[in-house]
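With PDB, N, CA and C atoms, pLDDT in the B column inside, this is data.pdb:
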MODEL        1
ATOM      1  N   MET A  89       8.098  14.597  16.025  1.00 88.00           N
ATOM      2  CA  MET A  89       7.328  15.724  15.522  1.00 88.00           C
ATOM      3  C   MET A  89       6.327  15.206  14.485  1.00 88.00           C
ATOM      4  N   THR A  90       5.231  15.888  14.366  1.00 93.00           N
ATOM      5  CA  THR A  90       4.206  15.540  13.391  1.00 93.00           C
ATOM      6  C   THR A  90       4.112  16.665  12.361  1.00 93.00           C
ATOM      7  N   PHE A  91       4.080  16.280  11.091  1.00 94.00           N
ATOM      8  CA  PHE A  91       4.015  17.255  10.012  1.00 94.00           C
ATOM      9  C   PHE A  91       2.842  16.946   9.094  1.00 94.00           C
ATOM     10  N   THR A  92       2.242  17.995   8.554  1.00 94.00           N
ATOM     11  CA  THR A  92       1.246  17.850   7.513  1.00 94.00           C
ATOM     12  C   THR A  92       1.985  17.720   6.188  1.00 94.00           C
ATOM     13  N   ILE A  93       1.514  16.807   5.335  1.00 97.00           N
ATOM     14  CA  ILE A  93       2.086  16.669   4.000  1.00 97.00           C
ATOM     15  C   ILE A  93       0.970  16.781   2.977  1.00 97.00           C
ATOM     16  N   THR A  94       1.334  17.148   1.761  1.00 97.00           N
ATOM     17  CA  THR A  94       0.396  17.128   0.652  1.00 97.00           C
ATOM     18  C   THR A  94       0.888  16.096  -0.348  1.00 97.00           C
ATOM     19  N   MET A  95      -0.056  15.436  -1.028  1.00 98.00           N
ATOM     20  CA  MET A  95       0.315  14.432  -2.007  1.00 98.00           C
ATOM     21  C   MET A  95      -0.603  14.556  -3.214  1.00 98.00           C
ATOM     22  N   VAL A  96      -0.006  14.559  -4.390  1.00 98.00           N
ATOM     23  CA  VAL A  96      -0.775  14.655  -5.627  1.00 98.00           C
ATOM     24  C   VAL A  96      -0.143  13.709  -6.654  1.00 98.00           C
ATOM     25  N   ARG A  97      -0.986  13.127  -7.467  1.00 98.00           N
ATOM     26  CA  ARG A  97      -0.491  12.251  -8.528  1.00 98.00           C
ATOM     27  C   ARG A  97      -0.309  13.102  -9.784  1.00 98.00           C
ATOM     28  N   ASP A  98       0.901  13.108 -10.347  1.00 97.00           N
ATOM     29  CA  ASP A  98       1.146  13.930 -11.536  1.00 97.00           C
ATOM     30  C   ASP A  98       0.697  13.219 -12.804  1.00 97.00           C
ATOM     31  N   GLU A  99       0.894  13.874 -13.934  1.00 97.00           N
ATOM     32  CA  GLU A  99       0.419  13.344 -15.211  1.00 97.00           C
ATOM     33  C   GLU A  99       1.083  12.035 -15.622  1.00 97.00           C
ATOM     34  N   ASP A 100       2.231  11.730 -15.039  1.00 96.00           N
ATOM     35  CA  ASP A 100       2.930  10.476 -15.331  1.00 96.00           C
ATOM     36  C   ASP A 100       2.559   9.359 -14.359  1.00 96.00           C
ATOM     37  N   GLY A 101       1.712   9.665 -13.370  1.00 97.00           N
ATOM     38  CA  GLY A 101       1.304   8.678 -12.383  1.00 97.00           C
ATOM     39  C   GLY A 101       2.181   8.637 -11.144  1.00 97.00           C
ATOM     40  N   THR A 102       3.189   9.489 -11.088  1.00 98.00           N
ATOM     41  CA  THR A 102       4.083   9.558  -9.926  1.00 98.00           C
ATOM     42  C   THR A 102       3.406  10.362  -8.822  1.00 98.00           C
ATOM     43  N   PHE A 103       3.556   9.909  -7.586  1.00 98.00           N
ATOM     44  CA  PHE A 103       3.015  10.642  -6.445  1.00 98.00           C
ATOM     45  C   PHE A 103       4.052  11.662  -5.977  1.00 98.00           C
ATOM     46  N   VAL A 104       3.677  12.925  -6.033  1.00 98.00           N
ATOM     47  CA  VAL A 104       4.551  14.017  -5.596  1.00 98.00           C
ATOM     48  C   VAL A 104       4.063  14.458  -4.228  1.00 98.00           C
ATOM     49  N   VAL A 105       4.981  14.515  -3.276  1.00 98.00           N
ATOM     50  CA  VAL A 105       4.616  14.800  -1.889  1.00 98.00           C
ATOM     51  C   VAL A 105       5.486  15.929  -1.363  1.00 98.00           C
ATOM     52  N   GLU A 106       4.864  16.792  -0.549  1.00 98.00           N
ATOM     53  CA  GLU A 106       5.543  17.983  -0.056  1.00 98.00           C
ATOM     54  C   GLU A 106       5.181  18.219   1.408  1.00 98.00           C
ATOM     55  N   CYS A 107       6.116  18.815   2.128  1.00 97.00           N
ATOM     56  CA  CYS A 107       5.871  19.215   3.514  1.00 97.00           C
ATOM     57  C   CYS A 107       5.841  20.745   3.539  1.00 97.00           C
ATOM     58  N   PRO A 108       4.644  21.346   3.554  1.00 96.00           N
ATOM     59  CA  PRO A 108       4.535  22.807   3.460  1.00 96.00           C
ATOM     60  C   PRO A 108       5.244  23.573   4.580  1.00 96.00           C
ATOM     61  N   ALA A 109       5.426  22.957   5.725  1.00 96.00           N
ATOM     62  CA  ALA A 109       6.052  23.657   6.853  1.00 96.00           C
ATOM     63  C   ALA A 109       7.567  23.790   6.708  1.00 96.00           C
ATOM     64  N   ILE A 110       8.147  23.069   5.718  1.00 97.00           N
ATOM     65  CA  ILE A 110       9.584  23.132   5.510  1.00 97.00           C
ATOM     66  C   ILE A 110       9.826  23.539   4.056  1.00 97.00           C
ATOM     67  N   PRO A 111      10.217  24.791   3.813  1.00 95.00           N
ATOM     68  CA  PRO A 111      10.413  25.265   2.441  1.00 95.00           C
ATOM     69  C   PRO A 111      11.353  24.351   1.647  1.00 95.00           C
ATOM     70  N   GLY A 112      10.905  23.966   0.454  1.00 95.00           N
ATOM     71  CA  GLY A 112      11.732  23.146  -0.427  1.00 95.00           C
ATOM     72  C   GLY A 112      11.736  21.673  -0.124  1.00 95.00           C
ATOM     73  N   CYS A 113      10.989  21.244   0.872  1.00 98.00           N
ATOM     74  CA  CYS A 113      10.974  19.832   1.259  1.00 98.00           C
ATOM     75  C   CYS A 113       9.932  19.093   0.419  1.00 98.00           C
ATOM     76  N   ILE A 114      10.409  18.423  -0.611  1.00 98.00           N
ATOM     77  CA  ILE A 114       9.533  17.754  -1.567  1.00 98.00           C
ATOM     78  C   ILE A 114      10.175  16.434  -1.978  1.00 98.00           C
ATOM     79  N   SER A 115       9.350  15.461  -2.287  1.00 98.00           N
ATOM     80  CA  SER A 115       9.845  14.169  -2.737  1.00 98.00           C
ATOM     81  C   SER A 115       8.796  13.536  -3.635  1.00 98.00           C
ATOM     82  N   GLN A 116       9.011  12.282  -3.990  1.00 98.00           N
ATOM     83  CA  GLN A 116       8.061  11.592  -4.859  1.00 98.00           C
ATOM     84  C   GLN A 116       8.213  10.088  -4.695  1.00 98.00           C
ATOM     85  N   GLY A 117       7.301   9.358  -5.298  1.00 98.00           N
ATOM     86  CA  GLY A 117       7.364   7.909  -5.265  1.00 98.00           C
ATOM     87  C   GLY A 117       6.403   7.311  -6.275  1.00 98.00           C
ATOM     88  N   ALA A 118       6.647   6.066  -6.627  1.00 98.00           N
ATOM     89  CA  ALA A 118       5.797   5.370  -7.591  1.00 98.00           C
ATOM     90  C   ALA A 118       4.446   5.007  -6.984  1.00 98.00           C
ATOM     91  N   THR A 119       4.409   4.856  -5.652  1.00 98.00           N
ATOM     92  CA  THR A 119       3.178   4.543  -4.940  1.00 98.00           C
ATOM     93  C   THR A 119       3.008   5.546  -3.804  1.00 98.00           C
ATOM     94  N   GLU A 120       1.797   5.603  -3.245  1.00 98.00           N
ATOM     95  CA  GLU A 120       1.574   6.489  -2.096  1.00 98.00           C
ATOM     96  C   GLU A 120       2.482   6.106  -0.932  1.00 98.00           C
ATOM     97  N   CYS A 121       2.610   4.806  -0.708  1.00 98.00           N
ATOM     98  CA  CYS A 121       3.438   4.313   0.396  1.00 98.00           C
ATOM     99  C   CYS A 121       4.907   4.713   0.208  1.00 98.00           C
ATOM    100  N   GLU A 122       5.407   4.558  -1.013  1.00 98.00           N
ATOM    101  CA  GLU A 122       6.789   4.921  -1.308  1.00 98.00           C
ATOM    102  C   GLU A 122       6.997   6.425  -1.166  1.00 98.00           C
ATOM    103  N   ALA A 123       6.045   7.196  -1.667  1.00 98.00           N
ATOM    104  CA  ALA A 123       6.144   8.650  -1.568  1.00 98.00           C
ATOM    105  C   ALA A 123       6.157   9.099  -0.111  1.00 98.00           C
ATOM    106  N   GLU A 124       5.322   8.482   0.718  1.00 98.00           N
ATOM    107  CA  GLU A 124       5.287   8.842   2.134  1.00 98.00           C
ATOM    108  C   GLU A 124       6.596   8.481   2.828  1.00 98.00           C
ATOM    109  N   ALA A 125       7.139   7.325   2.511  1.00 98.00           N
ATOM    110  CA  ALA A 125       8.434   6.938   3.097  1.00 98.00           C
ATOM    111  C   ALA A 125       9.521   7.920   2.652  1.00 98.00           C
ATOM    112  N   ASN A 126       9.472   8.323   1.391  1.00 98.00           N
ATOM    113  CA  ASN A 126      10.480   9.249   0.870  1.00 98.00           C
ATOM    114  C   ASN A 126      10.374  10.633   1.497  1.00 98.00           C
ATOM    115  N   ILE A 127       9.160  11.113   1.747  1.00 98.00           N
ATOM    116  CA  ILE A 127       9.028  12.434   2.359  1.00 98.00           C
ATOM    117  C   ILE A 127       9.452  12.392   3.823  1.00 98.00           C
ATOM    118  N   ARG A 128       9.247  11.262   4.487  1.00 98.00           N
ATOM    119  CA  ARG A 128       9.745  11.137   5.864  1.00 98.00           C
ATOM    120  C   ARG A 128      11.266  11.312   5.896  1.00 98.00           C
ATOM    121  N   ALA A 129      11.953  10.651   4.961  1.00 98.00           N
ATOM    122  CA  ALA A 129      13.415  10.781   4.875  1.00 98.00           C
ATOM    123  C   ALA A 129      13.807  12.210   4.504  1.00 98.00           C
ATOM    124  N   ALA A 130      13.060  12.820   3.578  1.00 98.00           N
ATOM    125  CA  ALA A 130      13.362  14.190   3.159  1.00 98.00           C
ATOM    126  C   ALA A 130      13.172  15.171   4.314  1.00 98.00           C
ATOM    127  N   ILE A 131      12.114  14.993   5.093  1.00 98.00           N
ATOM    128  CA  ILE A 131      11.880  15.858   6.249  1.00 98.00           C
ATOM    129  C   ILE A 131      13.048  15.768   7.218  1.00 98.00           C
ATOM    130  N   HIS A 132      13.479  14.564   7.501  1.00 97.00           N
ATOM    131  CA  HIS A 132      14.619  14.356   8.407  1.00 97.00           C
ATOM    132  C   HIS A 132      15.857  15.086   7.885  1.00 97.00           C
ATOM    133  N   GLU A 133      16.156  14.919   6.599  1.00 98.00           N
ATOM    134  CA  GLU A 133      17.324  15.565   5.989  1.00 98.00           C
ATOM    135  C   GLU A 133      17.186  17.091   6.009  1.00 98.00           C
ATOM    136  N   CYS A 134      16.019  17.587   5.646  1.00 97.00           N
ATOM    137  CA  CYS A 134      15.808  19.035   5.608  1.00 97.00           C
ATOM    138  C   CYS A 134      15.985  19.661   6.987  1.00 97.00           C
ATOM    139  N   ILE A 135      15.469  19.003   8.002  1.00 97.00           N
ATOM    140  CA  ILE A 135      15.616  19.527   9.360  1.00 97.00           C
ATOM    141  C   ILE A 135      17.086  19.560   9.769  1.00 97.00           C
ATOM    142  N   GLU A 136      17.824  18.512   9.441  1.00 97.00           N
ATOM    143  CA  GLU A 136      19.257  18.494   9.765  1.00 97.00           C
ATOM    144  C   GLU A 136      19.991  19.648   9.092  1.00 97.00           C
ATOM    145  N   VAL A 137      19.716  19.870   7.810  1.00 97.00           N
ATOM    146  CA  VAL A 137      20.382  20.942   7.068  1.00 97.00           C
ATOM    147  C   VAL A 137      19.990  22.306   7.630  1.00 97.00           C
ATOM    148  N   ARG A 138      18.708  22.494   7.928  1.00 96.00           N
ATOM    149  CA  ARG A 138      18.264  23.772   8.468  1.00 96.00           C
ATOM    150  C   ARG A 138      18.909  24.033   9.832  1.00 96.00           C
ATOM    151  N   GLN A 139      19.082  22.992  10.647  1.00 97.00           N
ATOM    152  CA  GLN A 139      19.768  23.153  11.929  1.00 97.00           C
ATOM    153  C   GLN A 139      21.214  23.578  11.712  1.00 97.00           C
ATOM    154  N   GLU A 140      21.896  22.912  10.793  1.00 97.00           N
ATOM    155  CA  GLU A 140      23.301  23.225  10.502  1.00 97.00           C
ATOM    156  C   GLU A 140      23.472  24.660  10.023  1.00 97.00           C
ATOM    157  N   LEU A 141      22.502  25.154   9.250  1.00 96.00           N
ATOM    158  CA  LEU A 141      22.576  26.506   8.708  1.00 96.00           C
ATOM    159  C   LEU A 141      22.029  27.564   9.663  1.00 96.00           C
ATOM    160  N   GLY A 142      21.507  27.129  10.793  1.00 96.00           N
ATOM    161  CA  GLY A 142      20.957  28.070  11.767  1.00 96.00           C
ATOM    162  C   GLY A 142      19.628  28.664  11.337  1.00 96.00           C
ATOM    163  N   LEU A 143      18.915  27.990  10.454  1.00 95.00           N
ATOM    164  CA  LEU A 143      17.612  28.460   9.992  1.00 95.00           C
ATOM    165  C   LEU A 143      16.507  27.942  10.898  1.00 95.00           C
ATOM    166  N   PRO A 144      15.381  28.604  10.928  1.00 93.00           N
ATOM    167  CA  PRO A 144      14.246  28.051  11.672  1.00 93.00           C
ATOM    168  C   PRO A 144      13.896  26.683  11.082  1.00 93.00           C
ATOM    169  N   LEU A 145      13.530  25.745  11.917  1.00 94.00           N
ATOM    170  CA  LEU A 145      13.247  24.400  11.427  1.00 94.00           C
ATOM    171  C   LEU A 145      12.024  24.361  10.534  1.00 94.00           C
ATOM    172  N   THR A 146      11.025  25.176  10.850  1.00 94.00           N
ATOM    173  CA  THR A 146       9.791  25.189  10.064  1.00 94.00           C
ATOM    174  C   THR A 146       9.316  26.624   9.887  1.00 94.00           C
ATOM    175  N   ILE A 147       8.335  26.785   9.019  1.00 93.00           N
ATOM    176  CA  ILE A 147       7.649  28.058   8.897  1.00 93.00           C
ATOM    177  C   ILE A 147       6.212  27.853   9.361  1.00 93.00           C
ATOM    178  N   CYS A 148       5.511  28.931   9.595  1.00 90.00           N
ATOM    179  CA  CYS A 148       4.135  28.847  10.064  1.00 90.00           C
ATOM    180  C   CYS A 148       3.218  28.392   8.930  1.00 90.00           C
ATOM    181  N   VAL A 149       2.427  27.373   9.187  1.00 87.00           N
ATOM    182  CA  VAL A 149       1.437  26.885   8.228  1.00 87.00           C
ATOM    183  C   VAL A 149       0.082  26.934   8.921  1.00 87.00           C
ATOM    184  N   ARG A 150      -0.883  27.559   8.253  1.00 87.00           N
ATOM    185  CA  ARG A 150      -2.222  27.677   8.827  1.00 87.00           C
ATOM    186  C   ARG A 150      -3.255  27.235   7.817  1.00 87.00           C
ATOM    187  N   GLN A 151      -4.430  26.954   8.312  1.00 88.00           N
ATOM    188  CA  GLN A 151      -5.561  26.682   7.448  1.00 88.00           C
ATOM    189  C   GLN A 151      -6.501  27.861   7.536  1.00 88.00           C
ATOM    190  N   VAL A 152      -7.069  28.246   6.396  1.00 92.00           N
ATOM    191  CA  VAL A 152      -8.059  29.308   6.367  1.00 92.00           C
ATOM    192  C   VAL A 152      -9.285  28.818   5.647  1.00 92.00           C
ATOM    193  N   GLU A 153     -10.420  29.351   6.026  1.00 96.00           N
ATOM    194  CA  GLU A 153     -11.675  28.978   5.379  1.00 96.00           C
ATOM    195  C   GLU A 153     -11.996  29.989   4.287  1.00 96.00           C
ATOM    196  N   VAL A 154     -12.350  29.481   3.119  1.00 96.00           N
ATOM    197  CA  VAL A 154     -12.689  30.338   1.992  1.00 96.00           C
ATOM    198  C   VAL A 154     -14.044  29.885   1.452  1.00 96.00           C
ATOM    199  N   ALA A 155     -14.976  30.812   1.344  1.00 95.00           N
ATOM    200  CA  ALA A 155     -16.283  30.482   0.793  1.00 95.00           C
ATOM    201  C   ALA A 155     -16.152  30.279  -0.711  1.00 95.00           C
ATOM    202  N   VAL A 156     -16.726  29.198  -1.205  1.00 91.00           N
ATOM    203  CA  VAL A 156     -16.643  28.911  -2.639  1.00 91.00           C
ATOM    204  C   VAL A 156     -18.029  28.875  -3.244  1.00 91.00           C
TER     205      VAL A 156
ENDMDL
END

Starting from the file, give its structure as structure tokens.
Amino acid sequence: MTFTITMVRDEDGTFVVECPAIPGCISQGATECEAEANIRAAIHECIEVRQELGLPLTICVRQVEVAV
């Protein structure tokens, strides 16, 4: 499966990464590479837990255009 992730560097320099399609699926890392590896593991774990609990694996994520 392919997932969209978001990544932002916080005030301490840590990369915080999230998978918007899976509620609560968030991780971090000292580098972009580490953060991406960590979110891959988190996605795998979150999907397993959601399956065990009988929850939908993902939620709907869309992009919308907003004039600025």

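Going from atom C of Cys134 (chain A) to atom N of Gly112 (chain A) covers 9.3 Å.
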
Point-to-point distance from atom C of Gln116 (chain A) to atom C of Phe91 (chain A), Å rounded to tenths: 16.3 Å

Given the file shown, enumerate the residues that the PyMOL selection byres ((chain A and resi 109-111) around 6) captures and present them as a PDB file with N, CA and C atoms, in the frame of the given file.
ATOM      1  N   CYS A 107       6.116  18.815   2.128  1.00 97.00           N
ATOM      2  CA  CYS A 107       5.871  19.215   3.514  1.00 97.00           C
ATOM      3  C   CYS A 107       5.841  20.745   3.539  1.00 97.00           C
ATOM      4  N   PRO A 108       4.644  21.346   3.554  1.00 96.00           N
ATOM      5  CA  PRO A 108       4.535  22.807   3.460  1.00 96.00           C
ATOM      6  C   PRO A 108       5.244  23.573   4.580  1.00 96.00           C
ATOM      7  N   GLY A 112      10.905  23.966   0.454  1.00 95.00           N
ATOM      8  CA  GLY A 112      11.732  23.146  -0.427  1.00 95.00           C
ATOM      9  C   GLY A 112      11.736  21.673  -0.124  1.00 95.00           C
ATOM     10  N   CYS A 113      10.989  21.244   0.872  1.00 98.00           N
ATOM     11  CA  CYS A 113      10.974  19.832   1.259  1.00 98.00           C
ATOM     12  C   CYS A 113       9.932  19.093   0.419  1.00 98.00           C
ATOM     13  N   LEU A 145      13.530  25.745  11.917  1.00 94.00           N
ATOM     14  CA  LEU A 145      13.247  24.400  11.427  1.00 94.00           C
ATOM     15  C   LEU A 145      12.024  24.361  10.534  1.00 94.00           C
ATOM     16  N   THR A 146      11.025  25.176  10.850  1.00 94.00           N
ATOM     17  CA  THR A 146       9.791  25.189  10.064  1.00 94.00           C
ATOM     18  C   THR A 146       9.316  26.624   9.887  1.00 94.00           C
ATOM     19  N   ILE A 147       8.335  26.785   9.019  1.00 93.00           N
ATOM     20  CA  ILE A 147       7.649  28.058   8.897  1.00 93.00           C
ATOM     21  C   ILE A 147       6.212  27.853   9.361  1.00 93.00           C
ATOM     22  N   CYS A 148       5.511  28.931   9.595  1.00 90.00           N
ATOM     23  CA  CYS A 148       4.135  28.847  10.064  1.00 90.00           C
ATOM     24  C   CYS A 148       3.218  28.392   8.930  1.00 90.00           C
ATOM     25  N   VAL A 149       2.427  27.373   9.187  1.00 87.00           N
ATOM     26  CA  VAL A 149       1.437  26.885   8.228  1.00 87.00           C
ATOM     27  C   VAL A 149       0.082  26.934   8.921  1.00 87.00           C
TER      28      VAL A 149
END

Kindly compute an axis-aligned box around the listed atoms of region 97-102 of chain A, allowing 6 Å on each side, and express its centre and edge lengths in Å to one decimal as JSON.
{"center_x": 1.5, "center_y": 11.3, "center_z": -11.5, "size_x": 17.1, "size_y": 17.3, "size_z": 20.2}

Interatomic distance, CA of Val104 (chain A) to CA of Arg128 (chain A) (Å, one decimal): 12.9 Å

Reference answer for the PyMOL selection byres (((chain A and resi 119 and name CA) around 10) and name CA), as a list in words: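 Written out, the selection comes to Arg97, Gly101, Thr102, Phe103, Val104, Gln116, Gly117, Ala118, Glu120, Cys121, Glu122, Ala123, Glu124 and Ala125 of chain A.
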
In chain A, DSSP alpha helix (DSSP H) residues written as a PyMOL selection string: chain A and resi 120-141

Which of chain A DSSP labels strand (DSSP E or B), written as a PyMOL selection string: chain A and resi 94-97+103-106+114-117
